[in-house]
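Have a look at protein_39.tsv; it's TSV, C-alpha atoms:
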```
chain	number	residue	atom	x	y	z
G	72	MET	CA	55.05	-5.36	17.39
G	73	SER	CA	56.23	-6.88	20.68
G	74	PRO	CA	55.81	-10.68	20.95
G	75	ARG	CA	52.59	-11.68	22.64
G	76	PHE	CA	50.94	-15.06	23.21
G	77	GLU	CA	47.17	-15.18	22.92
G	78	PRO	CA	45.31	-16.58	25.97
G	79	ILE	CA	44.29	-19.70	24.02
G	80	THR	CA	45.30	-23.27	24.85
G	81	GLY	CA	45.34	-25.80	22.00
G	82	ARG	CA	45.50	-29.54	22.68
G	83	TYR	CA	44.94	-32.83	20.89
G	84	LEU	CA	42.36	-35.19	22.35
G	85	ASN	CA	42.74	-38.90	21.58
G	86	PHE	CA	39.49	-40.83	22.04
G	87	ASP	CA	36.90	-42.99	20.34
G	88	LEU	CA	34.50	-40.90	18.30
G	89	LEU	CA	31.72	-42.35	16.15
G	90	GLY	CA	33.12	-45.82	16.96
G	91	ARG	CA	36.66	-45.18	15.72
G	92	PRO	CA	39.85	-43.82	17.27
G	93	HIS	CA	40.26	-40.12	16.53
G	94	ARG	CA	42.85	-37.39	17.14
G	95	LEU	CA	40.91	-34.17	17.60
G	96	TYR	CA	42.29	-30.65	17.94
G	97	ILE	CA	40.59	-28.49	20.57
G	98	GLU	CA	41.22	-24.89	21.61
G	99	GLU	CA	39.87	-23.16	24.66
G	100	ALA	CA	40.09	-19.95	26.66
G	101	GLY	CA	38.33	-18.47	29.68
G	102	GLN	CA	36.50	-19.88	32.65
G	103	GLY	CA	32.90	-20.30	33.73
G	104	ILE	CA	29.99	-21.61	31.73
G	105	PRO	CA	31.22	-23.95	28.96
G	106	LEU	CA	30.48	-22.53	25.49
G	107	LEU	CA	31.00	-25.20	22.85
G	108	CYS	CA	31.45	-23.65	19.40
G	109	LEU	CA	30.84	-25.31	16.01
G	110	HIS	CA	32.57	-24.01	12.87
G	111	THR	CA	31.09	-23.83	9.36
G	112	ALA	CA	31.36	-26.37	6.53
G	113	GLY	CA	34.82	-26.65	4.98
G	114	SER	CA	36.49	-24.45	7.58
G	115	ASP	CA	37.84	-24.94	11.11
G	116	GLY	CA	37.91	-23.60	14.64
G	117	ARG	CA	40.05	-20.59	13.80
G	118	GLN	CA	36.78	-18.90	12.86
G	119	TYR	CA	36.25	-18.32	16.61
G	120	ARG	CA	39.62	-16.62	17.23
G	121	GLY	CA	37.91	-13.31	18.03
G	122	LEU	CA	35.71	-14.88	20.68
G	123	LEU	CA	38.58	-16.82	22.28
G	124	ASN	CA	40.52	-13.57	22.55
G	125	ASP	CA	37.76	-11.36	23.92
G	126	LYS	CA	37.95	-10.87	27.67
G	127	ARG	CA	34.32	-9.72	27.85
G	128	VAL	CA	33.38	-13.23	26.71
G	129	THR	CA	36.05	-15.30	28.47
G	130	ASP	CA	35.54	-13.65	31.89
G	131	ASN	CA	32.31	-15.61	32.31
G	132	TYR	CA	32.53	-18.32	29.67
G	133	ARG	CA	34.93	-21.17	29.02
G	134	VAL	CA	34.99	-20.98	25.21
G	135	ILE	CA	35.75	-24.39	23.66
G	136	VAL	CA	36.28	-24.83	19.93
G	137	PHE	CA	37.06	-28.13	18.22
G	138	ASP	CA	38.09	-28.80	14.66
G	139	MET	CA	35.72	-31.47	13.32
G	140	PRO	CA	37.41	-34.66	12.12
G	141	TRP	CA	38.92	-34.06	8.64
G	142	HIS	CA	39.04	-30.29	9.36
G	143	GLY	CA	41.79	-27.93	10.51
G	144	LYS	CA	44.36	-29.68	12.69
G	145	SER	CA	42.10	-32.68	13.46
G	146	SER	CA	43.03	-35.76	11.49
G	147	PRO	CA	40.68	-37.83	9.42
G	148	PRO	CA	40.28	-41.34	10.88
G	149	ASP	CA	42.66	-44.13	9.84
G	150	GLY	CA	41.72	-45.48	6.44
G	151	TRP	CA	40.29	-42.18	5.23
G	152	GLN	CA	41.93	-42.70	1.86
G	153	ASN	CA	39.50	-45.50	1.14
G	154	GLU	CA	36.27	-43.65	1.82
G	155	GLU	CA	34.34	-40.59	0.68
G	156	TYR	CA	33.70	-38.10	3.47
G	157	LYS	CA	30.00	-37.33	3.86
G	158	LEU	CA	28.60	-35.65	6.96
G	159	THR	CA	25.19	-36.86	8.15
G	160	SER	CA	22.90	-35.41	10.80
G	161	ARG	CA	23.24	-38.58	12.90
G	162	ASP	CA	27.05	-38.49	12.93
G	163	TYR	CA	27.10	-34.75	13.55
G	164	ILE	CA	24.77	-35.02	16.57
G	165	ASP	CA	26.72	-37.99	17.98
G	166	MET	CA	30.00	-36.13	17.46
G	167	ILE	CA	28.86	-33.12	19.49
G	168	LEU	CA	27.41	-35.23	22.32
G	169	GLN	CA	30.46	-37.52	22.47
G	170	ILE	CA	32.90	-34.58	22.52
G	171	SER	CA	30.86	-32.91	25.24
G	172	ASP	CA	30.97	-36.16	27.26
G	173	ALA	CA	34.70	-36.68	26.67
G	174	LEU	CA	35.36	-33.16	27.99
G	175	GLU	CA	32.95	-33.82	30.90
G	176	LEU	CA	31.06	-30.61	30.17
G	177	ASP	CA	28.14	-29.98	32.51
G	178	LYS	CA	25.23	-28.51	30.58
G	179	PRO	CA	27.27	-26.42	28.16
G	180	VAL	CA	25.92	-23.71	25.92
G	181	VAL	CA	26.31	-24.87	22.33
G	182	MET	CA	26.72	-22.35	19.50
G	183	GLY	CA	27.03	-23.33	15.85
G	184	CYS	CA	27.24	-21.46	12.57
G	185	SER	CA	25.83	-22.52	9.17
G	186	ILE	CA	25.98	-26.35	9.29
G	187	GLY	CA	26.50	-25.72	13.00
G	188	GLY	CA	23.50	-23.40	12.98
G	189	ARG	CA	21.48	-26.23	11.44
G	190	ILE	CA	22.64	-29.03	13.73
G	191	VAL	CA	21.72	-26.99	16.81
G	192	LEU	CA	18.10	-27.27	15.65
G	193	TYR	CA	18.49	-31.06	15.85
G	194	LEU	CA	19.98	-30.64	19.33
G	195	ALA	CA	17.07	-28.39	20.37
G	196	HIS	CA	14.67	-31.00	18.99
G	197	GLN	CA	16.21	-34.15	20.47
G	198	HIS	CA	18.68	-33.22	23.22
G	199	ALA	CA	17.64	-29.86	24.65
G	200	ALA	CA	17.97	-31.09	28.25
G	201	ARG	CA	21.71	-31.59	27.78
G	202	PHE	CA	22.33	-27.91	27.08
G	203	ARG	CA	21.96	-24.80	29.17
G	204	ALA	CA	21.20	-22.81	26.03
G	205	ILE	CA	21.51	-23.19	22.27
G	206	ILE	CA	22.68	-20.46	19.90
G	207	GLY	CA	22.16	-20.79	16.15
G	208	LEU	CA	24.20	-18.54	13.85
G	209	GLU	CA	23.03	-18.40	10.23
G	210	THR	CA	20.29	-20.91	10.97
G	211	ALA	CA	17.80	-22.11	8.38
G	212	ALA	CA	15.80	-25.34	8.38
G	213	HIS	CA	16.91	-26.15	4.84
G	214	VAL	CA	18.93	-24.65	1.99
G	215	ALA	CA	18.23	-25.92	-1.52
G	216	PRO	CA	21.29	-26.45	-3.73
G	217	TYR	CA	21.90	-23.42	-5.93
G	218	TYR	CA	25.13	-24.54	-7.63
G	219	ASP	CA	26.66	-27.91	-8.51
G	220	VAL	CA	28.78	-28.92	-5.50
G	221	ASN	CA	30.78	-31.37	-7.64
G	222	TRP	CA	32.94	-28.39	-8.64
G	223	LEU	CA	34.26	-28.37	-5.08
G	224	HIS	CA	36.16	-31.64	-5.49
G	225	ARG	CA	37.77	-32.52	-8.79
G	226	PRO	CA	41.41	-32.67	-9.80
G	227	ASP	CA	41.19	-30.12	-12.62
G	228	VAL	CA	39.97	-27.31	-10.34
G	229	SER	CA	41.94	-25.89	-7.40
G	230	VAL	CA	39.86	-27.17	-4.48
G	231	GLY	CA	40.88	-24.41	-2.10
G	232	GLU	CA	40.40	-21.54	-4.49
G	233	VAL	CA	37.03	-22.66	-5.83
G	234	SER	CA	35.81	-23.17	-2.24
G	235	ALA	CA	36.87	-19.63	-1.35
G	236	GLY	CA	35.29	-18.39	-4.58
G	237	VAL	CA	31.99	-20.02	-3.75
G	238	VAL	CA	31.78	-18.51	-0.26
G	239	SER	CA	33.45	-15.12	-0.80
G	240	GLY	CA	30.19	-13.31	-1.53
G	241	LEU	CA	28.65	-14.58	1.69
G	242	ILE	CA	30.92	-12.20	3.61
G	243	SER	CA	29.51	-8.72	4.20
G	244	PRO	CA	31.04	-6.06	1.91
G	245	THR	CA	31.62	-4.01	5.07
G	246	ALA	CA	33.87	-6.67	6.67
G	247	PRO	CA	37.45	-5.53	7.30
G	248	ASP	CA	39.85	-6.84	4.64
G	249	ASN	CA	42.10	-8.69	7.10
G	250	HIS	CA	39.22	-10.70	8.57
G	251	ARG	CA	37.65	-11.27	5.12
G	252	TRP	CA	40.83	-12.80	3.74
G	253	GLU	CA	41.57	-14.77	6.91
G	254	THR	CA	38.08	-16.29	6.57
G	255	LEU	CA	38.74	-17.16	2.92
G	256	TRP	CA	42.17	-18.57	3.80
G	257	HIS	CA	40.55	-21.17	6.06
G	258	TYR	CA	38.44	-22.28	3.09
G	259	MET	CA	41.49	-22.37	0.84
G	260	GLN	CA	43.19	-24.73	3.32
G	261	SER	CA	40.38	-27.26	3.51
G	262	GLY	CA	41.24	-30.82	2.40
G	263	PRO	CA	39.90	-32.13	-0.92
G	264	GLY	CA	36.26	-33.19	-0.66
G	265	VAL	CA	35.77	-31.97	2.91
G	266	PHE	CA	33.68	-28.88	2.11
G	267	LYS	CA	31.64	-30.92	-0.35
G	268	GLY	CA	31.22	-33.68	2.25
G	269	ASP	CA	29.91	-31.18	4.81
G	270	LEU	CA	27.46	-29.82	2.26
G	271	HIS	CA	25.93	-33.29	2.02
G	272	PHE	CA	24.52	-32.53	5.47
G	273	TYR	CA	23.76	-28.90	4.66
G	274	LYS	CA	21.87	-29.46	1.41
G	275	VAL	CA	20.74	-33.10	1.37
G	276	ASP	CA	20.69	-35.03	4.66
G	277	GLY	CA	20.08	-32.19	7.10
G	278	ASP	CA	16.61	-31.07	6.05
G	279	ILE	CA	14.76	-30.41	9.32
G	280	ARG	CA	11.79	-28.51	7.91
G	281	GLY	CA	9.37	-31.23	9.00
G	282	LYS	CA	10.42	-31.05	12.65
G	283	VAL	CA	10.84	-27.34	13.28
G	284	ASP	CA	7.31	-26.99	14.61
G	285	GLN	CA	8.13	-29.59	17.30
G	286	ILE	CA	10.98	-27.47	18.71
G	287	ASP	CA	10.17	-25.42	21.79
G	288	GLY	CA	12.50	-22.47	21.41
G	289	ARG	CA	11.79	-21.11	24.89
G	290	ALA	CA	12.11	-24.42	26.77
G	291	SER	CA	15.38	-25.18	24.94
G	292	ASN	CA	16.64	-21.62	25.47
G	293	LEU	CA	17.26	-21.23	21.75
G	294	TYR	CA	18.61	-17.96	20.30
G	295	LEU	CA	19.05	-17.15	16.61
G	296	LEU	CA	21.46	-14.60	15.11
G	297	THR	CA	21.86	-14.15	11.34
G	298	GLY	CA	23.88	-11.70	9.25
G	299	GLU	CA	21.88	-9.56	6.84
G	300	TYR	CA	24.27	-10.33	3.93
G	301	ASP	CA	23.84	-14.10	4.20
G	302	TYR	CA	22.08	-15.25	1.02
G	303	SER	CA	22.67	-18.92	1.86
G	304	CYS	CA	20.90	-19.03	5.25
G	305	THR	CA	18.71	-16.02	4.60
G	306	SER	CA	17.16	-13.64	7.10
G	307	GLU	CA	13.76	-14.98	6.00
G	308	GLY	CA	14.89	-18.55	6.76
G	309	THR	CA	16.00	-17.58	10.26
G	310	LEU	CA	12.92	-15.48	11.02
G	311	ASP	CA	10.76	-18.40	9.91
G	312	VAL	CA	12.52	-20.74	12.38
G	313	GLY	CA	12.16	-18.07	15.07
G	314	LYS	CA	8.47	-17.70	14.40
G	315	ARG	CA	7.80	-21.43	14.40
G	316	THR	CA	9.85	-22.23	17.53
G	317	GLY	CA	9.31	-19.09	19.58
G	318	ALA	CA	13.06	-18.49	19.71
G	319	PRO	CA	14.20	-14.85	19.64
G	320	ALA	CA	15.77	-14.11	16.23
G	321	THR	CA	18.03	-11.15	15.48
G	322	ILE	CA	19.22	-10.01	12.05
G	323	MET	CA	22.72	-8.61	12.41
G	324	LYS	CA	23.66	-5.52	10.40
G	325	GLY	CA	26.94	-5.45	8.48
G	326	LEU	CA	27.51	-9.18	8.80
G	327	GLY	CA	27.19	-12.17	6.49
G	328	HIS	CA	27.45	-15.95	6.75
G	329	PHE	CA	30.61	-16.05	8.94
G	330	PRO	CA	29.88	-13.42	11.59
G	331	MET	CA	32.39	-14.62	14.22
G	332	SER	CA	35.21	-14.66	11.67
G	333	GLU	CA	34.48	-11.93	9.11
G	334	ASP	CA	34.05	-9.12	11.65
G	335	PRO	CA	34.56	-10.37	15.24
G	336	PRO	CA	33.95	-7.03	17.05
G	337	GLN	CA	30.71	-6.42	15.17
G	338	PHE	CA	29.52	-9.97	15.90
G	339	ILE	CA	30.51	-9.89	19.57
G	340	SER	CA	28.47	-6.71	20.03
G	341	TYR	CA	25.41	-8.80	19.07
G	342	LEU	CA	26.49	-11.87	21.05
G	343	LEU	CA	27.28	-10.26	24.41
G	344	PRO	CA	23.66	-9.42	25.34
G	345	VAL	CA	22.66	-13.02	24.51
G	346	LEU	CA	25.48	-14.45	26.64
G	347	GLU	CA	24.54	-12.13	29.48
G	348	LYS	CA	20.91	-13.19	29.30
G	349	ILE	CA	21.93	-16.86	29.38
G	350	ARG	CA	24.30	-16.24	32.31
G	351	VAL	CA	21.71	-14.60	34.54
G	352	THR	CA	18.85	-16.94	33.60
B	114	MET	CA	30.39	1.59	-16.46
B	115	ILE	CA	31.32	-1.67	-18.15
B	116	GLU	CA	33.82	0.02	-20.49
B	117	ARG	CA	35.88	1.00	-17.42
B	118	ILE	CA	36.37	-2.64	-16.37
B	119	ALA	CA	39.41	-3.10	-18.63
B	120	ASP	CA	41.37	-0.16	-17.21
B	121	LEU	CA	40.37	-0.93	-13.63
B	122	VAL	CA	41.39	-4.60	-13.87
B	123	ASN	CA	44.60	-4.00	-15.80
B	124	ALA	CA	45.69	-1.33	-13.31
B	125	ASP	CA	45.41	-3.81	-10.42
B	126	PRO	CA	48.41	-6.17	-10.43
B	127	ASN	CA	46.79	-8.47	-7.85
B	128	ILE	CA	43.71	-9.13	-9.97
B	129	VAL	CA	45.86	-9.67	-13.05
B	130	ARG	CA	48.07	-12.08	-11.10
B	131	ARG	CA	45.04	-14.08	-9.93
B	132	GLY	CA	43.94	-14.48	-13.55
B	133	ARG	CA	47.35	-15.10	-15.08
B	134	TYR	CA	46.43	-18.60	-16.33
B	135	LEU	CA	43.15	-17.51	-17.87
B	136	SER	CA	42.75	-16.58	-21.52
B	137	THR	CA	39.16	-16.63	-22.70
B	138	THR	CA	36.27	-14.55	-24.05
B	139	PHE	CA	33.03	-14.43	-22.11
B	140	MET	CA	29.66	-12.83	-22.78
B	141	LEU	CA	28.27	-10.25	-20.39
B	142	GLU	CA	24.71	-9.05	-20.88
B	143	ILE	CA	23.57	-5.84	-19.25
B	144	GLY	CA	19.84	-6.03	-19.86
B	145	ASP	CA	19.49	-6.32	-23.63
B	146	ALA	CA	23.00	-4.99	-24.31
B	147	PRO	CA	25.54	-7.79	-24.95
B	148	TYR	CA	29.32	-7.38	-24.58
B	149	LEU	CA	32.19	-9.75	-25.29
B	150	VAL	CA	34.92	-9.49	-22.68
B	151	LYS	CA	38.24	-10.81	-23.96
B	152	ILE	CA	40.88	-11.81	-21.41
B	153	ILE	CA	44.47	-12.80	-22.13
B	154	GLU	CA	46.58	-14.03	-19.21
B	155	GLY	CA	44.52	-12.10	-16.67
B	156	ARG	CA	44.43	-8.81	-18.59
B	157	VAL	CA	41.18	-7.55	-20.11
B	158	VAL	CA	42.30	-6.75	-23.65
B	159	SER	CA	38.94	-5.74	-25.11
B	160	ILE	CA	35.28	-5.22	-24.28
B	161	THR	CA	33.28	-5.28	-27.49
B	162	PRO	CA	29.65	-4.15	-27.53
B	163	GLY	CA	27.09	-6.06	-29.64
B	164	PRO	CA	25.00	-6.73	-31.52
B	165	PHE	CA	26.79	-9.90	-32.66
B	166	VAL	CA	25.91	-12.21	-35.53
B	167	THR	CA	27.58	-15.44	-34.40
B	168	PRO	CA	29.39	-14.64	-31.14
B	169	SER	CA	31.91	-17.14	-29.82
B	170	TYR	CA	32.50	-17.27	-26.08
B	171	SER	CA	33.23	-19.70	-23.24
B	172	PHE	CA	30.46	-18.72	-20.80
B	173	ALA	CA	27.76	-16.08	-20.52
B	174	LEU	CA	26.43	-14.03	-17.58
B	175	ARG	CA	23.09	-12.33	-18.16
B	176	ALA	CA	21.22	-10.03	-15.76
B	177	PRO	CA	18.88	-7.04	-16.03
B	178	ARG	CA	20.52	-3.60	-16.18
B	179	ASP	CA	19.08	-2.44	-12.85
B	180	GLU	CA	20.58	-5.51	-11.14
B	181	TRP	CA	24.06	-4.71	-12.46
B	182	GLU	CA	23.70	-1.07	-11.45
B	183	ILE	CA	22.93	-2.02	-7.85
B	184	PHE	CA	25.68	-4.69	-7.96
B	185	TRP	CA	28.21	-1.98	-8.93
B	186	ARG	CA	27.44	0.28	-5.97
B	187	LYS	CA	30.34	0.86	-3.57
B	188	ILE	CA	28.53	-1.12	-0.86
B	189	PRO	CA	25.62	-2.98	-2.46
B	190	PRO	CA	22.67	-3.89	-0.22
B	191	PRO	CA	22.06	-7.50	0.91
B	192	GLY	CA	21.12	-9.79	-1.97
B	193	HIS	CA	23.02	-7.63	-4.47
B	194	ASN	CA	26.65	-7.86	-3.37
B	195	ASP	CA	27.75	-11.00	-5.22
B	196	ILE	CA	26.96	-12.73	-8.52
B	197	PHE	CA	25.93	-15.85	-6.56
B	198	ALA	CA	23.45	-13.71	-4.61
B	199	LEU	CA	21.94	-12.52	-7.91
B	200	PHE	CA	22.05	-16.08	-9.20
B	201	LYS	CA	20.25	-17.48	-6.12
B	202	ARG	CA	17.54	-14.82	-6.45
B	203	GLY	CA	17.04	-15.88	-10.06
B	204	LYS	CA	18.22	-12.54	-11.46
B	205	LEU	CA	21.45	-13.79	-13.07
B	206	LYS	CA	21.73	-16.57	-15.62
B	207	ILE	CA	25.07	-18.35	-15.97
B	208	GLU	CA	25.57	-20.73	-18.88
B	209	GLY	CA	28.24	-22.25	-21.08
B	210	ASP	CA	31.60	-23.71	-20.06
B	211	MET	CA	31.26	-23.93	-16.28
B	212	HIS	CA	34.75	-25.35	-15.91
B	213	THR	CA	36.38	-22.12	-17.04
B	214	PHE	CA	33.96	-20.14	-14.88
B	215	MET	CA	34.33	-22.17	-11.66
B	216	ALA	CA	38.08	-22.75	-11.91
B	217	ASN	CA	38.59	-18.96	-12.10
B	218	LEU	CA	35.72	-17.91	-9.87
B	219	LEU	CA	37.58	-15.59	-7.48
B	220	TYR	CA	39.22	-13.80	-10.43
B	221	ILE	CA	35.98	-13.49	-12.42
B	222	LYS	CA	34.20	-12.08	-9.37
B	223	ASP	CA	36.98	-9.48	-9.05
B	224	VAL	CA	36.67	-8.54	-12.74
B	225	LEU	CA	32.89	-8.15	-12.55
B	226	ALA	CA	33.06	-6.11	-9.33
B	227	ALA	CA	35.83	-3.81	-10.63
B	228	PRO	CA	33.48	-0.83	-11.26
B	229	ARG	CA	32.97	-0.62	-7.46
B	230	LYS	CA	36.50	0.75	-7.21
B	231	GLU	CA	35.25	4.00	-8.75
B	232	ALA	CA	31.74	4.03	-7.29
B	233	VAL	CA	30.73	6.71	-4.82
B	234	GLN	CA	28.45	5.71	-2.00
```
Structure re-expressed in structure tokens:
Amino acid sequence: MSPRFEPITGRYLNFDLLGRPHRLYIEEAGQGIPLLCLHTAGSDGRQYRGLLNDKRVTDNYRVIVFDMPWHGKSSPPDGWQNEEYKLTSRDYIDMILQISDALELDKPVVMGCSIGGRIVLYLAHQHAARFRAIIGLETAAHVAPYYDVNWLHRPDVSVGEVSAGVVSGLISPTAPDNHRWETLWHYMQSGPGVFKGDLHFYKVDGDIRGKVDQIDGRASNLYLLTGEYDYSCTSEGTLDVGKRTGAPATIMKGLGHFPMSEDPPQFISYLLPVLEKIRVT
Amino acid sequence: MIERIADLVNADPNIVRRGRYLSTTFMLEIGDAPYLVKIIEGRVVSITPGPFVTPSYSFALRAPRDEWEIFWRKIPPPGHNDIFALFKRGKLKIEGDMHTFMANLLYIKDVLAAPRKEAVQ
């Protein structure tokens, strides 16, 4: 294989986030409408590598992916050793808005998956005017705990391997092996307690069932895409949000909970028509 | 189907390597048919069919026969492709020593899914 750089730029942004100095890792590629992408719990921005590398997307969109604090190449804030990481809906919303402001994005499209697919419902509910469109991947208003998340952070269990074990079945059995194991690798690399801390939002704090009916899916330009193999955010959960908000909801064949990472070409074939619709609207 | 698990696991050096620190016996119930699966250092050394009088095991996985049969298809349909999917739908019961189960989750999932290697779509 001849050496080849990907058309992605990665930089560290130093700024105040959630009231504390942070060092945040951000990747981007392309030009045009800003598309701010949110990764899943316990993973990082590498999940969007397929999108950042796809010319059909980057010709018209400036794809921007950040690693949340504590995740990927972003550092936890100073003093992290003396606190327990727990993501809340309030911090997650503020984080997205503050990053968007710091990057001076003008009405970006925001797209999030899983916890990101949940928080975009909060954005559609409270901050729709700040976004040109909102895309929820693997969106459900609530997911009840179905296993004890304490297994994800304890010294007598390999944190990375149990995290990968918990999510492995959420990937479609039809996903190519290389993308499946890349997706699991990101989970294996997550810091101790980070996946569990994200799930505090996913399973406890981030229950938006009571507000879904107040979201205007058409006014907020909300789109929903969910993989048929996702048994965490189920097809039924997504279709219910679609029905209650008026947002178009699509169930994607041959995909699971990590569509952009487990099978990028398959996912992008579903995403391109949505991006085109947003572009011409 | 279940009898083939031992040969299929032991013939795959990557599965055996993933389970190299696990030695245990767990209970697998296919409908009303119980089996004890004995593992030593990642190799499945025996699969013993019941009935048992006083079986000793670390953890047990119990699901109806038709659920396992769909689970063992080459490409199972949504909701059937992973033990957690069965579990979330209330079709699989997991009980016993959860530490052994969770600490070796990726390996145990590979062992249970081994019959897919021979399944025809």
request  = Restrict the distance test to only C-alpha atoms, flag each residue of chain B within 10 Å of chain G, and return the flagged residues as a PyMOL selection string.
outcome  = chain B and resi 187-203+211-222
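Distance-wise, CA of Ala199 in chain G and CA of Lys282 in chain G end up 14.1 Å apart.
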query = Can you tell me how far CA of Ile164 in chain G sits from CA of Gly277 in chain G, in Å to one decimal?
reply = 10.9 Å
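From CA of Asp162 in chain G back to CA of Phe266 in chain G, the distance works out to 15.9 Å.
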For Thr111 in chain G: contacts at 8 Å, only C-alpha atoms, fewer than 2 positions along chain excluded, given as a PyMOL selection string = chain G and resi 109+113-115+183-187+329
Using C-alpha atoms, can you write the selected residues to a file as a short mmCIF file (atom, residue, chain, number, x, y, z; two decimals), in the coordinates of the input?
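Result saved to out.cif:
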```cif
data_model
loop_
_atom_site.label_atom_id
_atom_site.label_comp_id
_atom_site.auth_asym_id
_atom_site.auth_seq_id
_atom_site.Cartn_x
_atom_site.Cartn_y
_atom_site.Cartn_z
CA LEU G 109 30.84 -25.31 16.01
CA GLY G 113 34.82 -26.65 4.98
CA SER G 114 36.49 -24.45 7.58
CA ASP G 115 37.84 -24.94 11.11
CA GLY G 183 27.03 -23.33 15.85
CA CYS G 184 27.24 -21.46 12.57
CA SER G 185 25.83 -22.52 9.17
CA ILE G 186 25.98 -26.35 9.29
CA GLY G 187 26.50 -25.72 13.00
CA PHE G 329 30.61 -16.05 8.94
#
```
Taking all atoms of range 107-120 of chain G that appear in the file, build a box with edges along x, y and z, extend it by 8 Å on every side, and state its centre and edge lengths in Å to one decimal, as JSON.
```
{"center_x": 35.4, "center_y": -21.6, "center_z": 13.9, "size_x": 25.2, "size_y": 26.0, "size_z": 33.9}
```
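Between Phe172 in chain B and the candidates B:Ile152, B:Ala226, B:Met140, B:Val129, the tightest atom-to-atom separation, counting only C-alpha atoms, involves B:Met140.
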